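Student: Below is a structure I'd like to ask you about.
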Amino acid sequence: MGRTGVKAAPMKNMTEGTPAKLIMGFAVPMLLGMLFQQFYSMVDSVIVGKCLGVDALAAVGSTGAINFMVNGFVIGLCSGFAIPVAQRFGAGDYKDMRRFAANAGWLSIIFAVVMTAVISGFTRDILVLMHTPQNILQGAYNYIFFIFLGIPATFLYNLLAGIIRSLGDSRTPVVFLIISSILNVILDFFFIVFVGCGAEGAAYATVISQAVSGLLCLVYMRRKFVILRMEPDELPLNKIHVKILCAMGIPMGLQYSITAIGSVVIQTAINGLGSTAVASVAAAQKVSMLFCCPFDALGGTMATYAGQNIGARKLERVTRGVHAANAIGIIYSLGAFAVTFFFGEQIPRLFVDAAEAEVIHQAYQYMLANALFFIALVFVNVYRFTIQGLGFSGFAVFAGVFEMVARAFMGFAMVPVFGYPAVCLASPLAWIFADIFLIPAFGHCMKKLYKQFGEEERLEVLRAKVSH
């Protein structure tokens, strides 16, 4: 019970116990949340494709790259903001932890206002520059413009969910995502089927649902997280905390955005292949993203796991955790490939009528090519997020550059020559390029930390001898 008599929320200390068990226990609730998030994203596409047709599906799908570039930056930024909170929690310094949480809130408000104003004003220009086919341009604009107006809602949920997870509670955000997922499905039918809003109705449903999940996180934190109840001196902006938060968050956000630049190049190349190709990739990406949720859950888990253990100065547990997470991811990858191989051609029928044979076949090609390289994606997520949890967020930018270069190469050089097959191989090549950087980078970070901690321990011994 807290000072006010309110029962505190459950928190998990990941610095003690078997790494594999802790990682699985933390990742599974996160995975459920991500699956529900992808589920309502898929429902958007299913309802749009079935009720409004292939062009409407293509319109929504054509915005995927810029949506990822902008909202990916928000997600990465908020994930970075949560890392110092996890580190101070692991170190047991709760007062400084609350200062980081408060400063993260102020920074999120500033970023949300600026990004919403700037990006909303340039949305149509970006779509035109991407050579969005004329027959889907207006539908694409109507959809993504409202998604960008909802940037504050994206900040609200991702920051608060990140802080909750940084304290070891990965279950509560899942509950709120389930609630918002159900609400999203209801609102999809309401806006698209009953009101007749068109493709933009899916955007209305998404933004409203995310705002609800964010507000639920806020109410829950205020009532249950006694450890986060702040004193007046912990609330103001602080230069030192802002600097650390930006050093963690901005590189993680840029990593997503830089990666997305390559996706924008690929999307532009896909747009040049026509609306059938756009619809095929849109359907395939929705399914592939569902299959990729376990990799994202492993990554998010490793950021918290590494953050808490580095705060507790337990480096050997970080290495053991990486090995455990890789093993879990590889086993899942093999199963996901088998499901895609045997059943992948049936899944795209959820999004379009069975008569759209070309869309279904091309979607299957895309999904299978991605599934072949899922093991490479395991390493991308495990090593990238572990490195970020250790406090080396700048490396995330370099990994994003490697992915961007790979996708840009495929978009500029390969798609014009080989067409759709090159589109299917763009993401696998990006994952391989990122791994070439990330795996050695992890070894470098660990060596640096072992050296740093060793020097600090020697200094402490010397101080103790002097004092005696």
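If you're wondering about the labels, chains in the structure tokens are A, B, ... by order shown, residues count from 1 in each chain, ligands from 1 in order shown.
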Do a neighbour search on region 50-67 of chain A at 7 Å with only C-alpha atoms, toss out local chain neighbours closer than 2 positions, and write the hits as an NGL selection string.
Tutor: :A and (45-48 or 69-71 or 136-137 or 139-140 or 143-144 or 199 or 260 or 263-264 or 267 or 275 or 278-279 or 282 or 351-352)
Student: Can you write out the residues you just picked, keeping N, CA, C and O atoms, as a tab-separated table (two decimals), in the first residue's frame?
Tutor:
chain	number	residue	atom	x	y	z
A	45	SER	N	-7.69	-2.18	-42.83
A	45	SER	CA	-7.44	-2.55	-44.23
A	45	SER	C	-8.49	-3.51	-44.75
A	45	SER	O	-8.90	-3.42	-45.92
A	46	VAL	N	-8.92	-4.45	-43.91
A	46	VAL	CA	-9.95	-5.41	-44.34
A	46	VAL	C	-11.25	-4.67	-44.68
A	46	VAL	O	-11.84	-4.90	-45.75
A	47	ILE	N	-11.68	-3.80	-43.79
A	47	ILE	CA	-12.94	-3.08	-44.02
A	47	ILE	C	-12.81	-2.14	-45.21
A	47	ILE	O	-13.70	-2.06	-46.07
A	48	VAL	N	-11.66	-1.45	-45.31
A	48	VAL	CA	-11.45	-0.55	-46.45
A	48	VAL	C	-11.42	-1.34	-47.74
A	48	VAL	O	-12.07	-0.97	-48.73
A	69	MET	N	7.55	6.81	-41.07
A	69	MET	CA	8.62	7.78	-40.88
A	69	MET	C	8.27	8.75	-39.74
A	69	MET	O	9.13	9.07	-38.91
A	70	VAL	N	7.03	9.20	-39.70
A	70	VAL	CA	6.62	10.19	-38.69
A	70	VAL	C	6.29	9.52	-37.37
A	70	VAL	O	6.87	9.85	-36.32
A	71	ASN	N	5.36	8.58	-37.39
A	71	ASN	CA	4.97	7.94	-36.13
A	71	ASN	C	6.08	7.04	-35.59
A	71	ASN	O	6.18	6.84	-34.38
A	136	ILE	N	-5.61	7.62	-56.57
A	136	ILE	CA	-5.71	7.35	-55.13
A	136	ILE	C	-5.16	8.50	-54.30
A	136	ILE	O	-5.14	8.41	-53.07
A	137	LEU	N	-4.71	9.59	-54.94
A	137	LEU	CA	-4.05	10.69	-54.23
A	137	LEU	C	-4.96	11.32	-53.17
A	137	LEU	O	-4.55	11.51	-52.02
A	139	GLY	N	-7.68	10.16	-51.70
A	139	GLY	CA	-7.99	9.22	-50.62
A	139	GLY	C	-6.82	9.05	-49.67
A	139	GLY	O	-7.00	8.98	-48.46
A	140	ALA	N	-5.60	9.01	-50.23
A	140	ALA	CA	-4.40	8.90	-49.40
A	140	ALA	C	-4.25	10.13	-48.51
A	140	ALA	O	-3.92	10.02	-47.33
A	143	TYR	N	-6.76	10.27	-45.61
A	143	TYR	CA	-6.46	9.31	-44.55
A	143	TYR	C	-5.28	9.78	-43.70
A	143	TYR	O	-5.39	9.90	-42.48
A	144	ILE	N	-4.15	10.07	-44.34
A	144	ILE	CA	-2.92	10.33	-43.57
A	144	ILE	C	-2.94	11.71	-42.90
A	144	ILE	O	-2.30	11.90	-41.86
A	199	ALA	N	-12.13	6.27	-46.86
A	199	ALA	CA	-10.89	5.77	-46.26
A	199	ALA	C	-10.50	6.56	-45.01
A	199	ALA	O	-9.91	6.01	-44.08
A	260	ALA	N	13.00	4.82	-42.37
A	260	ALA	CA	11.78	5.06	-43.15
A	260	ALA	C	12.06	5.82	-44.44
A	260	ALA	O	11.29	5.72	-45.40
A	263	SER	N	12.25	3.38	-46.85
A	263	SER	CA	10.91	2.87	-47.14
A	263	SER	C	10.14	3.82	-48.05
A	263	SER	O	9.36	3.38	-48.90
A	264	VAL	N	10.35	5.13	-47.88
A	264	VAL	CA	9.71	6.11	-48.76
A	264	VAL	C	10.21	5.94	-50.18
A	264	VAL	O	9.42	6.01	-51.15
A	267	GLN	N	8.51	2.89	-51.47
A	267	GLN	CA	7.10	3.16	-51.73
A	267	GLN	C	6.93	3.98	-53.00
A	267	GLN	O	5.99	3.74	-53.78
A	275	SER	N	-1.36	0.91	-59.17
A	275	SER	CA	-2.16	0.71	-57.97
A	275	SER	C	-2.31	-0.76	-57.59
A	275	SER	O	-2.52	-1.09	-56.42
A	278	VAL	N	0.66	-1.46	-55.49
A	278	VAL	CA	0.48	-0.75	-54.21
A	278	VAL	C	-0.46	-1.53	-53.30
A	278	VAL	O	-0.18	-1.72	-52.10
A	279	ALA	N	-1.57	-2.01	-53.85
A	279	ALA	CA	-2.54	-2.78	-53.06
A	279	ALA	C	-1.94	-4.10	-52.59
A	279	ALA	O	-2.17	-4.53	-51.44
A	282	ALA	N	0.40	-3.35	-49.76
A	282	ALA	CA	-0.37	-2.91	-48.60
A	282	ALA	C	-0.94	-4.09	-47.84
A	282	ALA	O	-0.85	-4.17	-46.60
A	351	PHE	N	-8.26	-9.34	-47.40
A	351	PHE	CA	-8.25	-7.92	-47.74
A	351	PHE	C	-8.95	-7.59	-49.05
A	351	PHE	O	-9.47	-6.49	-49.22
A	352	VAL	N	-8.92	-8.53	-49.99
A	352	VAL	CA	-9.50	-8.26	-51.31
A	352	VAL	C	-10.35	-9.45	-51.73
A	352	VAL	O	-10.23	-10.55	-51.19
Student: Which residues are near Ala324 (chain A)? Cut-off 10 Å, only C-alpha atoms, ignore same chain within fewer than 2 positions. Put them as a ChimeraX atom specification.
Tutor: /A:18-24,318-322,326-329,382
Student: Give me the residues near region 420-436 of chain A as a ChimeraX atom specification, where near means some atom within 10 Å (using only C-alpha atoms) and where sequence neighbours in that chain fewer than 3 positions away do not count.
Tutor: /A:259,262-263,266-267,269-270,273,277,281,284,362-381,383-384,396,398-411,413-417,439-441
Student: Give me, as number ranges by chain, all polymer residues having an atom no more than 6 Å from region 90-106 of chain A, counting only C-alpha atoms and skipping those fewer than 6 positions away in the same chain.
Tutor: A: 81, 228, 234-235, 237, 308, 311-312
Student: Please produce a file of those selected residues containing C-alpha atoms, as a tab-separated table (two decimals), in the first residue's frame.
Tutor:
chain	number	residue	atom	x	y	z
A	81	PHE	CA	12.79	8.77	-23.10
A	228	LEU	CA	5.87	8.14	-9.66
A	234	GLU	CA	10.94	17.11	-9.32
A	235	LEU	CA	8.56	18.68	-11.85
A	237	LEU	CA	12.47	21.23	-16.76
A	308	GLN	CA	17.62	-2.16	-15.59
A	311	GLY	CA	21.61	0.46	-13.82
A	312	ALA	CA	22.37	-2.41	-11.41
Student: Here is a test: counting only C-alpha atoms, which residue of A:Thr206, A:Asn135, A:Gln38, A:Gln255 is nearest to Pro294 (chain A)?
Tutor: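 Selected residue with least distance to Pro294 (chain A): A:Gln38.
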Student: Hey, could you make a per-residue contact list for region 55-93 of chain A against region 300-306 of chain A with 10 Å as the cut-off, showing the nearest pair of atoms and its distance in Å to one decimal, counting only C-alpha atoms, sorted by chain and number, as a Markdown table?
Tutor:
| residue | atom | partner | partner_atom | distance |
| --- | --- | --- | --- | --- |
| A:Ser79 | CA | A:Gly300 | CA | 8.3 |
| A:Gly80 | CA | A:Ala303 | CA | 9.1 |
| A:Ala82 | CA | A:Thr304 | CA | 8.5 |
| A:Ile83 | CA | A:Thr304 | CA | 7.0 |
| A:Pro84 | CA | A:Thr304 | CA | 9.9 |
| A:Val85 | CA | A:Thr304 | CA | 9.5 |
| A:Ala86 | CA | A:Thr304 | CA | 6.2 |
| A:Gln87 | CA | A:Thr304 | CA | 8.3 |
| A:Gly90 | CA | A:Tyr305 | CA | 9.4 |
Student: Using only C-alpha atoms, please write the residues we just selected to a file, as a PDB file, in the first residue's frame.
Tutor:
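The new file out_2.pdb reads:
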ATOM      1  CA  SER A  79      11.149   4.572 -26.169  1.00  0.00           C
ATOM      2  CA  GLY A  80      14.369   6.525 -25.714  1.00  0.00           C
ATOM      3  CA  ALA A  82      11.837   5.663 -21.087  1.00  0.00           C
ATOM      4  CA  ILE A  83      15.388   4.257 -20.948  1.00  0.00           C
ATOM      5  CA  PRO A  84      16.777   6.673 -18.295  1.00  0.00           C
ATOM      6  CA  VAL A  85      13.663   5.928 -16.240  1.00  0.00           C
ATOM      7  CA  ALA A  86      14.446   2.189 -16.430  1.00  0.00           C
ATOM      8  CA  GLN A  87      18.108   2.810 -15.588  1.00  0.00           C
ATOM      9  CA  GLY A  90      17.305  -0.410 -11.723  1.00  0.00           C
TER      10      GLY A  90
END
Student: If I take CA of Asn142 (chain A) and CA of Asp125 (chain A), how far is one from the other in Å, to one decimal?
Tutor: 13.1 Å
Student: Mind checking which residues fall within 8 Å of region 25-32 of chain A, counting only C-alpha atoms, ignoring those fewer than 3 positions away in the same chain, and posting them as a list of chain:residue names?
Tutor: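 Neighbouring residues, sequence-local ones excluded: A:Lys21, A:Leu22, A:Leu35, A:Phe36, A:Gly168, A:Asp169, A:Ser170, A:Arg171, A:Pro173, A:Val174, A:Cys293, A:Pro294, A:Asp296, A:Ala297, A:Leu298, A:Gly300, A:Thr301.
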